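Below is one structure, written out as C-alpha cells; the observations come after it.
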Amino acid sequence: MKLFLSFVIKEARHILRDRRTMLILFCMPVMLMLFFGFAIRNDVRNVRTVVVTSQMNLLTHQAVRALATSEYFILTATVATPQEAERLIRDQQADMAIVFAADFASRRTGLQFIVDAADPNMAQQWAAYATGVLSQSAQGAVNLKMLYNPQMRSVYHFVPAIMGVLLMLICAIMTSVSIVREKERGTMEVLLVSPVRPLLIIVAKAVPYLLLAFVILTTILLMGRYVLDVPLAGSVFWIYMVSIVYILLALSLGLFISDIANSQLMALLLSAMVLLVPIVMLSGMIFPVESMPRALQWMAALVPTRYYIEAMRKLMIMGVGIEQVAGEVAVLGGMTLFLLAVSLKMFKERLE
C-alpha cells in the first residue's frame, strides 16, 4: 500500500508541476460557467411586441401592463387589426404581435400570437414567455403553470450540462494523455517492471484525476448555487454518488483511448472525435434529443453524457429521489463495467 501511495503522489506531483494544465483545469470550469451563465444564454429579452385590441378594458389593460413591465418584452405599438400588426412584423418593426379578441374580458379566452418564425426556436420561446406573463396577469384567461423553472432561465438547463461535459473531457482526455505520455517517454516499461502490479499502476495514475474531478464538480455546484442562483433541490449526497459512477466511466474511457493511441497527439485527436463532437451535439446539452431524427437518437443513446445530464437535471432542478434516476444510473454503471473490462483486457494484451 505504501508503494501504491508513492505512485499516486508521483502522478499528483506531475500534474501540479504542469502550470498550464492546472490553469486549464481550474480556469475552464469557471470561465464556462460565467459564459453560459451570463453571456451565452437563450433567455428571452427585449422582444419588440405589438398589441392588437379593438377595446381596452380592465383585463386587457392588466395584461398589456404586465407585458410592458416585464423584462422580456418591449411594447412598440398598439393597433386595431391583425393585418396592421402583420405588416409591422413584415417591415421588421416588430418581432411578435398579441391579438386580444373583442370579447376577451367577458369570455376570458381569445388570444392569438403572430410571431416572426424565421428562427423557429426563438419564436416558440417568445410565445411561451408571453403565455407565462399573461397567465400571471390575467387569471383565468390563460391557464399555464410552469414547474421547476417558472422564470424559464436557461442557466437551469446549462449548469448540469456543463458538469457532464467538463467531467467527461477532463477525466478522459487527461487520463489518456497521461498514460500515452509514459509510453512516448519509454518510462511505462520501467513502471511495469516495478514491484507494483500493472493494474495498480493504472489505478494510481487515475486517482489524482478522480480527486481533481471532485474539486471541479464542487466548484461547479458552488458557482451554480451561489453565483448563478441555480437550485440544488435534490440530495447533494446522491448528486455526488451519481457523479462518482460517471467519473469512473470517464476514466475508463480515457484508459480505452490510451490503449489505442500511440502518441499524445493521437490521444487528443481520438478524444476530440470520440468525445467532444458527440457530447456537444448528441447529449442534449444544446439540442433536444427527442427532436432529432431516429438515426441520431440511436446514436445519442450511446453517449454517456446524455444520461448523466438527464440525471443531474432531475436531481438538481426537479429534486427527485434516487429511485427516479435509477434508469440513468443503471445505464452509466453498465457502460462503466463494459469499458473497464475491455480497456483492462486490451491493456494486458498490449503488455504481452
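Letters for chains follow the order of the C-alpha cells (A, B, ...), residue numbers begin at 1 for each chain, and ligand numbers begin at 1 in the order shown.
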Do you know which residues are at most 9 Å from region 4-21 of chain A counting only C-alpha atoms, after dropping those on the same chain fewer than 3 positions away, and could you put them as a JSON list (two decimals) with N, CA and C atoms, in the first residue's frame?
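And here's part17.json as it stands now:
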```json
[["chain", "number", "residue", "atom", "x", "y", "z"],
["A", 1, "MET", "N", 0.83, -1.21, 0.00],
["A", 1, "MET", "CA", 0.00, 0.00, 0.00],
["A", 1, "MET", "C", 0.86, 1.26, 0.00],
["A", 24, "ILE", "N", -5.63, 25.34, -17.02],
["A", 24, "ILE", "CA", -6.77, 24.90, -17.83],
["A", 24, "ILE", "C", -7.79, 24.19, -16.96],
["A", 25, "LEU", "N", -7.33, 23.30, -16.09],
["A", 25, "LEU", "CA", -8.24, 22.50, -15.29],
["A", 25, "LEU", "C", -9.10, 23.34, -14.36],
["A", 26, "PHE", "N", -8.53, 24.40, -13.80],
["A", 26, "PHE", "CA", -9.28, 25.18, -12.82],
["A", 26, "PHE", "C", -9.93, 26.42, -13.42],
["A", 178, "SER", "N", -2.01, 11.16, -20.11],
["A", 178, "SER", "CA", -1.04, 10.83, -19.08],
["A", 178, "SER", "C", -0.41, 9.46, -19.31],
["A", 196, "VAL", "N", 4.98, -3.08, -8.13],
["A", 196, "VAL", "CA", 3.54, -2.84, -8.16],
["A", 196, "VAL", "C", 2.95, -3.50, -9.40],
["A", 200, "LEU", "N", -2.52, -1.82, -10.62],
["A", 200, "LEU", "CA", -2.42, -0.79, -9.58],
["A", 200, "LEU", "C", -1.73, 0.47, -10.11],
["A", 201, "ILE", "N", -0.83, 0.28, -11.07],
["A", 201, "ILE", "CA", -0.18, 1.46, -11.68],
["A", 201, "ILE", "C", -1.21, 2.32, -12.40],
["A", 203, "VAL", "N", -4.43, 2.38, -11.80],
["A", 203, "VAL", "CA", -5.30, 2.97, -10.78],
["A", 203, "VAL", "C", -4.61, 4.16, -10.12],
["A", 204, "ALA", "N", -3.31, 4.00, -9.85],
["A", 204, "ALA", "CA", -2.56, 5.09, -9.22],
["A", 204, "ALA", "C", -2.52, 6.34, -10.10],
["A", 205, "LYS", "N", -2.45, 6.14, -11.43],
["A", 205, "LYS", "CA", -2.43, 7.28, -12.33],
["A", 205, "LYS", "C", -3.81, 7.93, -12.44],
["A", 206, "ALA", "N", -4.87, 7.15, -12.17],
["A", 206, "ALA", "CA", -6.23, 7.68, -12.29],
["A", 206, "ALA", "C", -6.69, 8.39, -11.02],
["A", 207, "VAL", "N", -6.14, 8.02, -9.88],
["A", 207, "VAL", "CA", -6.60, 8.59, -8.61],
["A", 207, "VAL", "C", -6.48, 10.11, -8.56],
["A", 208, "PRO", "N", -5.36, 10.73, -8.95],
["A", 208, "PRO", "CA", -5.30, 12.20, -8.91],
["A", 208, "PRO", "C", -6.36, 12.88, -9.77],
["A", 209, "TYR", "N", -6.66, 12.29, -10.93],
["A", 209, "TYR", "CA", -7.70, 12.88, -11.78],
["A", 209, "TYR", "C", -9.08, 12.68, -11.18]]
```
- Message: Can you tell me which residues surround region 270-279 of chain A at a distance of at most 12 Å, considering only C-alpha atoms, apart from same-chain residues fewer than 5 positions away, and format the answer as a PyMOL selection string?
- Response: chain A and resi 161-177+250+253-265+284-287+289+296-297+299-309
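The residue that comes closest to Met22 (chain A), out of A:Ile216, A:Leu75, A:Ala118, A:Gln62 and on the basis of only C-alpha atoms, is A:Ile216.
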- If we count only C-alpha atoms, what is near Gln112 (chain A) at a cut-off of 9 Å, once residues fewer than 4 positions away on the same chain are taken out, given as a ChimeraX atom specification? /A:97-101
- Query: So which one's closest to Thr81 (chain A), A:Thr219, A:Ala102, A:Pro293, A:Val64? Using only C-alpha atoms, please.
  - Reply: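 With only C-alpha atoms as the atom set, the closest residue is A:Ala102.
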